[in-house]
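Participant: File name input.txt; file contents compact mmCIF, C-alpha atoms; full text below.
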# COMPACT_ATOMS: atom_id res chain seq x y z
CA MET A 259 0.00 0.00 0.00
CA THR A 260 1.20 3.46 -0.78
CA GLN A 261 1.30 5.67 2.25
CA GLY A 262 1.59 8.90 0.33
CA TRP A 263 4.00 11.65 1.24
CA PHE A 264 3.48 14.07 4.09
CA ASP A 265 5.31 17.11 5.36
CA GLU A 266 9.02 17.16 4.47
CA ASP A 267 8.75 13.81 2.73
CA ALA A 268 6.72 15.49 0.05
CA GLY A 269 9.71 17.68 -0.84
CA PRO A 270 9.95 21.45 -0.86
CA VAL A 271 6.73 23.36 -1.35
CA VAL A 272 8.32 25.61 -3.93
CA ARG A 273 10.13 23.91 -6.76
CA PRO A 274 13.72 25.21 -6.83
CA TYR A 275 13.65 26.94 -10.18
CA ALA A 276 10.46 28.80 -9.28
CA MET A 277 12.73 31.03 -7.18
CA THR A 278 14.56 32.04 -10.30
CA ARG A 279 11.28 32.47 -12.19
CA GLY A 280 12.17 29.54 -14.36
CA ARG A 281 15.60 30.79 -15.34
CA THR A 282 18.19 28.04 -15.37
CA ARG A 283 20.96 30.05 -16.96
CA VAL A 284 22.51 33.35 -16.30
CA ALA A 285 21.65 35.87 -18.98
CA GLY A 286 24.78 36.80 -20.88
CA GLY A 287 27.16 36.16 -18.03
CA GLU A 288 29.63 33.34 -17.80
CA ARG A 289 28.98 30.43 -15.46
CA LEU A 290 30.17 31.17 -11.95
CA ASP A 291 32.79 28.76 -10.70
CA LEU A 292 31.94 26.64 -7.65
CA ILE A 293 34.70 28.42 -5.73
CA ALA A 294 34.02 31.94 -7.01
CA LEU A 295 33.79 34.05 -3.85
CA VAL A 296 30.82 36.29 -3.22
CA THR A 297 31.05 39.36 -0.99
CA ALA A 298 28.02 41.48 -0.08
CA LEU A 299 28.44 45.17 -0.76
CA ILE A 300 26.58 46.13 2.39
CA GLY A 301 28.03 46.80 5.81
CA GLY A 302 28.25 44.04 8.40
CA GLY A 303 25.73 45.50 10.80
CA GLN A 304 23.54 46.89 8.10
CA GLU A 305 20.17 45.61 7.09
CA LEU A 306 19.20 44.97 3.53
CA PRO A 307 18.31 48.13 1.66
CA PRO A 308 14.50 47.85 1.95
CA ASP A 309 13.85 49.23 -1.48
CA ALA A 310 16.46 47.15 -3.26
CA THR A 311 15.20 45.84 -6.56
CA LEU A 312 16.63 43.68 -9.28
CA PRO A 313 17.34 45.21 -12.67
CA GLY A 314 14.04 43.81 -14.00
CA GLY A 315 12.15 45.82 -11.38
CA GLN A 316 11.35 42.79 -9.22
CA GLY A 317 11.95 42.97 -5.52
CA LEU A 318 14.45 40.68 -3.84
CA ALA A 319 13.36 37.17 -2.94
CA PRO A 320 14.09 35.96 0.62
CA GLU A 321 16.86 33.79 -0.85
CA HIS A 322 18.59 36.88 -2.27
CA GLY A 323 18.51 38.35 1.22
CA GLU A 324 19.93 35.19 2.70
CA ILE A 325 22.86 35.27 0.28
CA LEU A 326 23.59 38.90 1.22
CA TYR A 327 23.33 38.07 4.91
CA ARG A 328 25.74 35.15 4.67
CA CYS A 329 28.35 37.09 2.67
CA ARG A 330 28.31 40.31 4.66
CA ARG A 331 31.35 39.62 6.83
CA VAL A 332 33.18 36.73 5.22
CA SER A 333 33.19 35.96 1.52
CA GLU A 334 31.50 32.67 0.70
CA SER A 335 31.93 30.52 -2.36
CA VAL A 336 29.12 29.52 -4.70
CA ALA A 337 29.35 25.96 -3.36
CA GLU A 338 29.11 27.14 0.26
CA LEU A 339 26.08 29.27 -0.52
CA ALA A 340 24.36 26.35 -2.26
CA THR A 341 24.89 24.12 0.78
CA GLY A 342 23.99 26.92 3.19
CA LEU A 343 20.74 27.73 1.44
CA ASP A 344 20.11 24.06 0.66
CA LEU A 345 19.49 24.87 -2.97
CA PRO A 346 20.87 23.38 -6.18
CA VAL A 347 24.02 25.09 -7.42
CA GLY A 348 22.25 26.08 -10.64
CA VAL A 349 19.61 28.05 -8.71
CA VAL A 350 22.19 29.77 -6.56
CA ARG A 351 24.19 30.79 -9.63
CA VAL A 352 21.14 32.58 -11.03
CA LEU A 353 20.38 34.29 -7.70
CA ILE A 354 23.97 35.50 -7.34
CA SER A 355 24.04 36.92 -10.82
CA ASP A 356 20.82 38.84 -10.04
CA LEU A 357 22.60 40.40 -7.07
CA LEU A 358 25.67 41.07 -9.17
CA GLU A 359 23.59 42.90 -11.77
CA ALA A 360 21.91 44.90 -9.03
CA GLY A 361 25.31 45.91 -7.69
CA LEU A 362 24.67 44.32 -4.29
CA VAL A 363 27.56 41.86 -4.36
CA ARG A 364 31.06 41.52 -5.71
CA VAL A 365 32.30 38.22 -7.10
CA SER A 366 35.96 37.28 -7.28
CA HIS A 367 36.85 34.56 -9.71
CA PRO A 368 39.46 31.91 -8.98
CA ILE A 369 42.72 31.71 -10.90
CA PRO A 370 42.03 30.59 -14.48
CA ALA A 371 42.51 26.84 -14.87
CA ALA A 372 45.32 27.22 -17.38
CA GLN A 373 47.37 29.21 -14.91
CA LEU A 374 48.78 27.30 -11.98
CA PRO A 375 48.91 29.04 -8.63
CA ASP A 376 52.19 30.74 -7.98
CA GLU A 377 54.78 28.78 -5.99
CA ASN A 378 54.70 31.28 -3.13
CA ILE A 379 50.99 30.71 -2.76
CA LEU A 380 51.52 26.93 -2.66
CA ARG A 381 54.10 27.41 0.10
CA GLU A 382 51.63 29.56 1.98
CA VAL A 383 49.03 26.78 1.68
CA ILE A 384 51.51 24.20 3.03
CA ASP A 385 52.41 26.43 5.99
CA GLY A 386 48.75 27.14 6.63
CA LEU A 387 47.84 23.45 6.61
CA ARG A 388 50.73 22.61 8.94
CA ALA A 389 49.54 25.30 11.35
CA LEU A 390 46.05 23.78 11.58
CA MET B 177 23.43 53.79 12.07
CA VAL B 178 26.83 54.20 10.60
CA SER B 179 28.95 51.09 10.60
CA GLY B 180 32.64 51.25 11.36
CA PRO B 181 35.19 50.29 8.76
CA SER B 182 35.89 46.92 10.42
CA ASP B 183 32.25 46.12 9.94
CA ILE B 184 32.42 46.31 6.22
CA ALA B 185 33.45 43.19 4.42
CA THR B 186 34.49 45.24 1.43
CA ALA B 187 37.33 46.90 3.31
CA ALA B 188 39.67 43.93 2.77
CA PRO B 189 40.69 42.72 -0.68
CA ASP B 190 38.96 39.57 -1.87
CA PRO B 191 40.65 36.41 -0.69
CA LEU B 192 41.96 33.96 -3.24
CA ALA B 193 40.10 30.64 -3.41
CA LEU B 194 41.92 27.39 -4.17
CA LYS B 195 40.73 23.80 -4.18
CA ILE B 196 41.93 20.27 -3.66
CA LEU B 197 39.89 17.25 -4.69
CA VAL B 198 39.44 14.13 -2.60
CA ALA B 199 38.75 11.10 -4.77
CA GLY B 200 38.61 7.34 -4.43
CA GLY B 201 36.16 4.47 -4.46
CA PHE B 202 32.88 4.25 -2.63
CA GLY B 203 33.20 4.05 1.14
CA VAL B 204 36.96 4.69 1.18
CA GLY B 205 36.72 7.62 3.59
CA LYS B 206 36.35 10.73 1.40
CA THR B 207 33.55 12.18 3.51
CA THR B 208 35.49 11.41 6.69
CA LEU B 209 38.68 13.06 5.45
CA VAL B 210 36.89 16.21 4.31
CA GLY B 211 35.01 16.35 7.61
CA SER B 212 38.08 15.94 9.79
CA VAL B 213 39.92 18.97 8.37
CA SER B 214 37.07 21.26 7.37
CA GLU B 215 36.16 24.19 9.56
CA ILE B 216 32.57 24.09 8.40
CA ARG B 217 30.40 21.10 9.11
CA SER B 218 30.98 18.90 6.11
CA LEU B 219 27.96 19.74 4.11
CA GLN B 220 26.85 18.21 0.94
CA THR B 221 26.29 20.28 -2.11
CA GLU B 222 24.01 19.17 -4.86
CA GLU B 223 24.21 19.69 -8.53
CA ARG B 224 20.96 19.09 -10.26
CA LEU B 225 21.34 18.10 -13.85
CA THR B 226 18.74 18.92 -16.34
CA GLU B 227 20.58 18.78 -19.61
CA ALA B 228 19.22 15.93 -21.65
CA GLY B 229 21.50 13.52 -23.43
CA ARG B 230 24.53 13.64 -21.21
CA PRO B 231 26.46 10.79 -22.76
CA VAL B 232 27.64 9.41 -19.45
CA ASP B 233 24.32 9.56 -17.66
CA ASP B 234 22.96 6.17 -18.48
CA THR B 235 19.25 6.41 -17.98
CA THR B 236 18.44 3.12 -19.64
CA GLY B 237 15.34 1.73 -18.05
CA VAL B 238 14.50 4.94 -16.28
CA ALA B 239 11.70 6.24 -18.40
CA ALA B 240 11.61 9.99 -18.91
CA LYS B 241 14.20 10.63 -16.24
CA ARG B 242 15.11 14.27 -16.59
CA THR B 243 17.06 15.21 -13.51
CA THR B 244 19.70 13.63 -11.36
CA THR B 245 20.87 14.81 -8.02
CA VAL B 246 24.51 14.44 -7.12
CA ALA B 247 25.87 15.00 -3.66
CA MET B 248 29.44 16.13 -3.20
CA ASP B 249 31.22 16.49 0.08
CA PHE B 250 32.59 19.89 0.54
CA GLY B 251 34.80 21.57 3.12
CA ARG B 252 36.57 24.85 3.79
CA ILE B 253 39.92 25.68 5.39
CA THR B 254 40.67 29.37 5.85
CA ILE B 255 44.44 29.61 5.47
CA SER B 256 44.59 33.36 6.01
CA ASP B 257 42.55 36.49 5.32
CA ALA B 258 43.85 36.31 1.78
CA LEU B 259 43.62 32.58 1.11
CA VAL B 260 40.79 30.05 1.37
CA LEU B 261 41.20 26.37 0.53
CA TYR B 262 38.16 24.35 -0.48
CA LEU B 263 38.00 20.58 -0.50
CA PHE B 264 35.68 18.67 -2.77
CA GLY B 265 34.98 14.99 -2.37
CA THR B 266 34.32 13.80 -5.89
CA PRO B 267 31.16 11.80 -6.44
CA GLY B 268 32.15 8.16 -6.76
CA GLN B 269 29.64 6.84 -9.24
CA GLU B 270 31.00 6.59 -12.76
CA ARG B 271 27.99 8.26 -14.30
CA PHE B 272 28.91 11.52 -12.59
CA TRP B 273 32.34 11.70 -14.07
CA PHE B 274 31.64 14.70 -16.24
CA LEU B 275 31.40 16.60 -12.94
CA TRP B 276 34.98 15.66 -12.21
CA ASP B 277 36.08 17.69 -15.20
CA GLU B 278 34.56 20.83 -13.76
CA LEU B 279 35.91 20.07 -10.31
CA ALA B 280 39.40 19.31 -11.60
CA GLN B 281 39.66 22.58 -13.50
CA GLY B 282 41.92 24.93 -11.64
CA ALA B 283 42.49 22.52 -8.74
CA ILE B 284 45.91 22.47 -7.04
CA GLY B 285 45.71 18.68 -7.04
CA ALA B 286 43.96 15.67 -5.58
CA VAL B 287 44.21 13.12 -2.80
CA VAL B 288 43.24 9.67 -4.06
CA LEU B 289 42.18 7.61 -1.08
CA ALA B 290 42.82 3.90 -1.30
CA ASP B 291 41.77 0.94 0.82
CA THR B 292 44.28 -1.93 0.68
CA ARG B 293 41.43 -4.45 0.75
CA ARG B 294 40.14 -3.15 -2.57
CA LEU B 295 42.88 -1.22 -4.28
CA ALA B 296 41.25 -1.64 -7.68
CA ASP B 297 38.54 0.84 -6.62
CA SER B 298 41.09 3.64 -6.83
CA PHE B 299 42.32 2.83 -10.36
CA ALA B 300 39.67 4.97 -12.04
CA ALA B 301 40.56 8.08 -10.06
CA ILE B 302 44.30 7.56 -10.63
CA ASP B 303 43.74 7.17 -14.37
CA PHE B 304 41.63 10.30 -14.42
CA PHE B 305 44.24 12.51 -12.73
CA GLU B 306 47.15 10.97 -14.65
CA SER B 307 45.44 11.61 -17.96
CA ARG B 308 44.72 15.21 -17.07
CA GLY B 309 48.15 15.86 -15.66
CA LEU B 310 46.74 16.97 -12.32
CA PRO B 311 49.15 16.46 -9.40
CA PHE B 312 47.88 13.85 -6.96
CA ALA B 313 49.02 11.89 -3.93
CA VAL B 314 47.69 8.52 -2.83
CA GLY B 315 46.48 8.35 0.75
CA VAL B 316 46.22 4.80 2.01
CA ASN B 317 43.41 4.97 4.54
CA CYS B 318 44.36 2.58 7.32
CA PHE B 319 41.13 0.89 8.27
CA GLU B 320 40.98 -1.06 11.47
CA GLY B 321 41.19 -4.73 10.72
CA ALA B 322 42.79 -4.26 7.31
CA ASP B 323 46.34 -5.53 6.84
CA ARG B 324 48.99 -2.82 6.80
CA TYR B 325 51.27 -2.66 3.81
CA PRO B 326 54.32 -0.45 3.40
CA PRO B 327 53.80 2.48 1.01
CA GLU B 328 56.22 0.94 -1.49
CA ALA B 329 54.07 -2.19 -1.75
CA VAL B 330 51.02 -0.02 -2.43
CA ARG B 331 52.98 1.98 -5.00
CA ALA B 332 53.96 -1.19 -6.83
CA ALA B 333 50.44 -2.60 -6.68
CA LEU B 334 49.00 0.62 -8.11
CA ASP B 335 51.81 0.92 -10.68
CA LEU B 336 52.48 4.54 -9.71
CA ASP B 337 55.25 6.71 -11.07
CA PRO B 338 58.12 7.06 -8.59
CA ASP B 339 57.42 10.75 -7.94
CA ILE B 340 53.81 10.24 -6.81
CA PRO B 341 53.65 10.54 -3.01
CA VAL B 342 52.06 7.62 -1.16
CA VAL B 343 51.13 8.36 2.44
CA LEU B 344 49.55 6.15 5.06
CA CYS B 345 46.77 8.01 6.81
CA ASP B 346 43.78 7.75 9.05
CA ALA B 347 41.07 9.89 7.51
CA ARG B 348 39.38 10.27 10.91
CA VAL B 349 42.39 12.01 12.43
CA ARG B 350 42.78 15.68 11.61
CA SER B 351 46.59 15.74 11.67
CA SER B 352 46.77 12.65 9.51
CA ALA B 353 44.24 13.95 6.96
CA ARG B 354 46.16 17.23 6.94
CA GLU B 355 49.43 15.43 6.06
CA ALA B 356 47.75 13.84 3.05
CA LEU B 357 46.75 17.32 1.86
CA VAL B 358 50.25 18.67 2.51
CA ALA B 359 51.68 15.79 0.42
CA VAL B 360 49.57 16.88 -2.57
CA VAL B 361 50.51 20.54 -2.32
CA GLU B 362 54.22 19.70 -1.90
CA HIS B 363 54.00 17.46 -4.95
CA ALA B 364 52.32 20.27 -6.93
CA LEU B 365 55.08 22.62 -5.80
CA ARG B 366 57.86 20.22 -6.89
CA ARG B 367 56.16 19.72 -10.24
CA SER B 368 55.83 23.45 -10.74
CA ALA B 369 59.49 24.02 -9.85
CA ALA B 370 60.56 21.22 -12.20
CA ALA B 371 58.48 22.66 -15.04
CA ARG B 372 59.99 26.08 -14.44
CA SER B 373 63.58 24.81 -14.50
CA ALA B 374 62.85 22.82 -17.68
CA MET B 375 61.76 26.03 -19.36
CA THR B 376 64.89 27.99 -18.55
Could you write out this file's structure as structure tokens?

Facilitator:
Amino acid sequence: MTQGWFDEDAGPVVRPYAMTRGRTRVAGGERLDLIALVTALIGGGQELPPDATLPGGQGLAPEHGEILYRCRRVSESVAELATGLDLPVGVVRVLISDLLEAGLVRVSHPIPAAQLPDENILREVIDGLRAL
Amino acid sequence: MVSGPSDIATAAPDPLALKILVAGGFGVGKTTLVGSVSEIRSLQTEERLTEAGRPVDDTTGVAAKRTTTVAMDFGRITISDALVLYLFGTPGQERFWFLWDELAQGAIGAVVLADTRRLADSFAAIDFFESRGLPFAVGVNCFEGADRYPPEAVRAALDLDPDIPVVLCDARVRSSAREALVAVVEHALRRSAAARSAMT
């Protein structure tokens, strides 16, 4: 007999891509790397600008606010934000690019794949790991 | 309210993000290793795939299957204000291998975890990193109850090049997991130095 699904078992109430209004890709922009770091361009103690809107005129979704809140003191990577918000990476990429377009965050990209990190940086990583 | 300068995340320059992959067969200790060195609770990130016709996603017998959810272990080590190291446990199942390509891009290197009771499970990961020229070290996870073998025996059994580091480790122990990561970065550093001297 099928018991049916109740509460959390039924899955999220809102399907993930509804938050992005069906958008699965970032308009025009390149795909954000999993370790691209996002920094909110609002002060640490500051609340969200209440009248902040996205370039399309839409207001911010709660998930946009959560991204800003998480990145206000320490930069977080795309992968961290996806785990923190418990959303698929694809959804988070769209939300971040909304914020980027609205000028509410800054994104720093990792070193291009073709370019290996500098030897001094590798030494710094070794020292840092040893100090753990 | 006016916030002080220390309050504003934008005051400092953006840190640089680097990554190391943790690969190996199913149940070899990838999640444990990431968890024992990460400063954030080892969370799992999901990539939901919607592109149809991924050649490696064998959906035979799964009628109209459109999406697949993949969980990856993921950890963070803040080295300094200017440097953040991320760890990604690669998904083990072969059908998710196209994800490895994205993960491997720009990585410093990889730890391939091996279990001496089933060394063959680590062949696929070793082949992958060898073929892409990504520096890797083999971490032999010493499970309780498994026979211990010297690193040289493991090296011979895996047919590894002499320069590939092989370290015995216990993925549950922070200092031991850390040494496996150090071995990868040192190997990457030696390779980089060798490449530089070959050019001059």

Participant: Could you list, as a VMD selection string, the residues of chain A having an atom within 9 Å of chain B when counting only C-alpha atoms?

Facilitator: chain A and resid 291 to 304 329 to 333 335 337 to 338 340 to 342 344 to 348 364 to 377 379 to 390

Participant: I'd like the interatomic distance between CA of Tyr327 (chain A) and CA of Ala310 (chain A), to a tenth of an Å.

Facilitator: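 We find that CA of Tyr327 (chain A) and CA of Ala310 (chain A) lie 14.0 Å from each other.
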
Participant: One decimal, Å: what's the distance from CA of Thr208 (chain B) over to CA of Ser352 (chain B), could you say?

Facilitator: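 Atom-to-atom, CA of Thr208 (chain B) and CA of Ser352 (chain B) are spaced 11.7 Å apart.
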
Participant: To one decimal place, how far is CA of Gly205 (chain B) from CA of Ala296 (chain B) in Å?

Facilitator: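 That distance, rounded to one decimal, is 15.3 Å.
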
Participant: Please list, as a PyMOL selection string, the residues that have an atom at most 10 Å away from (19.2, 33.1, 0.5) in the coordinates of this file, counting all atoms listed in the file.

Facilitator: chain A and resi 318-328+339-340+342-345+350+353-354

Participant: What's around Arg348 (chain B) at 12 Å? Count all atoms listed in the file, leave out sequence neighbours fewer than 3 positions away in its own chain, and write the answer as a list in words.

Facilitator: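 That gives Val204, Gly205, Lys206, Thr207, Thr208, Leu209, Val210, Gly211, Ser212, Val213, Ser214, Asn317, Cys318, Phe319, Glu320, Cys345, Ser351, Ser352, Ala353 and Arg354 of chain B.
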
Participant: Which one is closest to Ala301 (chain B): B:Ala371, B:Ala329, B:Leu334, B:Val288? Count all atoms listed in the file.

Facilitator: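 With all atoms listed in the file as the atom set, the closest residue is B:Val288.
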
Participant: As a PyMOL selection string, please: the residues near Val316 (chain B) (cut-off 12 Å, only C-alpha atoms, same-chain neighbours under 4 positions excluded).

Facilitator: chain B and resi 199-201+204-206+209+287-295+298+322-331+334+341-347+352-353+355-356

Participant: Starting from the sparse input, extend region 277-307 of chain B to N, CA and C atoms and give the output as an mmCIF file, keeping the file's coordinate frame.

Facilitator:
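Final file, result_36.cif:
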data_model
loop_
_atom_site.group_PDB
_atom_site.id
_atom_site.type_symbol
_atom_site.label_atom_id
_atom_site.label_comp_id
_atom_site.auth_asym_id
_atom_site.auth_seq_id
_atom_site.Cartn_x
_atom_site.Cartn_y
_atom_site.Cartn_z
ATOM 1 N N ASP B 277 35.372 16.761 -14.313
ATOM 2 C CA ASP B 277 36.080 17.690 -15.200
ATOM 3 C C ASP B 277 35.967 19.108 -14.678
ATOM 4 N N GLU B 278 34.746 19.482 -14.281
ATOM 5 C CA GLU B 278 34.560 20.830 -13.760
ATOM 6 C C GLU B 278 35.313 20.999 -12.447
ATOM 7 N N LEU B 279 35.244 19.972 -11.605
ATOM 8 C CA LEU B 279 35.910 20.070 -10.310
ATOM 9 C C LEU B 279 37.422 20.144 -10.466
ATOM 10 N N ALA B 280 37.945 19.381 -11.440
ATOM 11 C CA ALA B 280 39.400 19.310 -11.600
ATOM 12 C C ALA B 280 39.976 20.601 -12.166
ATOM 13 N N GLN B 281 39.155 21.359 -12.894
ATOM 14 C CA GLN B 281 39.660 22.580 -13.500
ATOM 15 C C GLN B 281 40.135 23.570 -12.453
ATOM 16 N N GLY B 282 41.385 23.931 -12.559
ATOM 17 C CA GLY B 282 41.920 24.930 -11.640
ATOM 18 C C GLY B 282 42.273 24.391 -10.265
ATOM 19 N N ALA B 283 42.152 23.073 -10.053
ATOM 20 C CA ALA B 283 42.490 22.520 -8.740
ATOM 21 C C ALA B 283 44.006 22.463 -8.575
ATOM 22 N N ILE B 284 44.476 22.621 -7.322
ATOM 23 C CA ILE B 284 45.910 22.470 -7.040
ATOM 24 C C ILE B 284 46.288 21.013 -7.298
ATOM 25 N N GLY B 285 45.427 20.101 -6.892
ATOM 26 C CA GLY B 285 45.710 18.680 -7.040
ATOM 27 C C GLY B 285 44.649 17.860 -6.340
ATOM 28 N N ALA B 286 44.948 16.573 -6.149
ATOM 29 C CA ALA B 286 43.960 15.670 -5.580
ATOM 30 C C ALA B 286 44.603 14.677 -4.628
ATOM 31 N N VAL B 287 43.835 14.273 -3.629
ATOM 32 C CA VAL B 287 44.210 13.120 -2.800
ATOM 33 C C VAL B 287 43.362 11.961 -3.308
ATOM 34 N N VAL B 288 43.999 10.868 -3.712
ATOM 35 C CA VAL B 288 43.240 9.670 -4.060
ATOM 36 C C VAL B 288 43.323 8.738 -2.853
ATOM 37 N N LEU B 289 42.191 8.510 -2.231
ATOM 38 C CA LEU B 289 42.180 7.610 -1.080
ATOM 39 C C LEU B 289 42.077 6.174 -1.561
ATOM 40 N N ALA B 290 42.836 5.304 -0.918
ATOM 41 C CA ALA B 290 42.820 3.900 -1.300
ATOM 42 C C ALA B 290 42.638 3.039 -0.058
ATOM 43 N N ASP B 291 41.982 1.929 -0.247
ATOM 44 C CA ASP B 291 41.770 0.940 0.820
ATOM 45 C C ASP B 291 42.505 -0.311 0.343
ATOM 46 N N THR B 292 43.447 -0.809 1.150
ATOM 47 C CA THR B 292 44.280 -1.930 0.680
ATOM 48 C C THR B 292 43.462 -3.198 0.434
ATOM 49 N N ARG B 293 42.246 -3.261 0.977
ATOM 50 C CA ARG B 293 41.430 -4.450 0.750
ATOM 51 C C ARG B 293 40.778 -4.438 -0.621
ATOM 52 N N ARG B 294 40.713 -3.254 -1.222
ATOM 53 C CA ARG B 294 40.140 -3.150 -2.570
ATOM 54 C C ARG B 294 40.802 -2.006 -3.321
ATOM 55 N N LEU B 295 42.074 -2.241 -3.606
ATOM 56 C CA LEU B 295 42.880 -1.220 -4.280
ATOM 57 C C LEU B 295 42.327 -0.865 -5.654
ATOM 58 N N ALA B 296 41.736 -1.850 -6.308
ATOM 59 C CA ALA B 296 41.250 -1.640 -7.680
ATOM 60 C C ALA B 296 40.230 -0.509 -7.747
ATOM 61 N N ASP B 297 39.542 -0.232 -6.624
ATOM 62 C CA ASP B 297 38.540 0.840 -6.620
ATOM 63 C C ASP B 297 39.155 2.210 -6.868
ATOM 64 N N SER B 298 40.478 2.327 -6.638
ATOM 65 C CA SER B 298 41.090 3.640 -6.830
ATOM 66 C C SER B 298 41.716 3.805 -8.222
ATOM 67 N N PHE B 299 41.711 2.738 -9.017
ATOM 68 C CA PHE B 299 42.320 2.830 -10.360
ATOM 69 C C PHE B 299 41.700 3.950 -11.193
ATOM 70 N N ALA B 300 40.368 4.015 -11.170
ATOM 71 C CA ALA B 300 39.670 4.970 -12.040
ATOM 72 C C ALA B 300 40.094 6.402 -11.728
ATOM 73 N N ALA B 301 40.184 6.716 -10.441
ATOM 74 C CA ALA B 301 40.560 8.080 -10.060
ATOM 75 C C ALA B 301 42.013 8.352 -10.461
ATOM 76 N N ILE B 302 42.891 7.375 -10.262
ATOM 77 C CA ILE B 302 44.300 7.560 -10.630
ATOM 78 C C ILE B 302 44.432 7.797 -12.126
ATOM 79 N N ASP B 303 43.724 6.979 -12.906
ATOM 80 C CA ASP B 303 43.740 7.170 -14.370
ATOM 81 C C ASP B 303 43.271 8.561 -14.753
ATOM 82 N N PHE B 304 42.202 8.993 -14.096
ATOM 83 C CA PHE B 304 41.630 10.300 -14.420
ATOM 84 C C PHE B 304 42.657 11.410 -14.194
ATOM 85 N N PHE B 305 43.309 11.418 -13.036
ATOM 86 C CA PHE B 305 44.240 12.510 -12.730
ATOM 87 C C PHE B 305 45.528 12.384 -13.546
ATOM 88 N N GLU B 306 45.965 11.150 -13.795
ATOM 89 C CA GLU B 306 47.150 10.970 -14.650
ATOM 90 C C GLU B 306 46.884 11.527 -16.040
ATOM 91 N N SER B 307 45.715 11.197 -16.587
ATOM 92 C CA SER B 307 45.440 11.610 -17.960
ATOM 93 C C SER B 307 45.281 13.109 -18.086
#
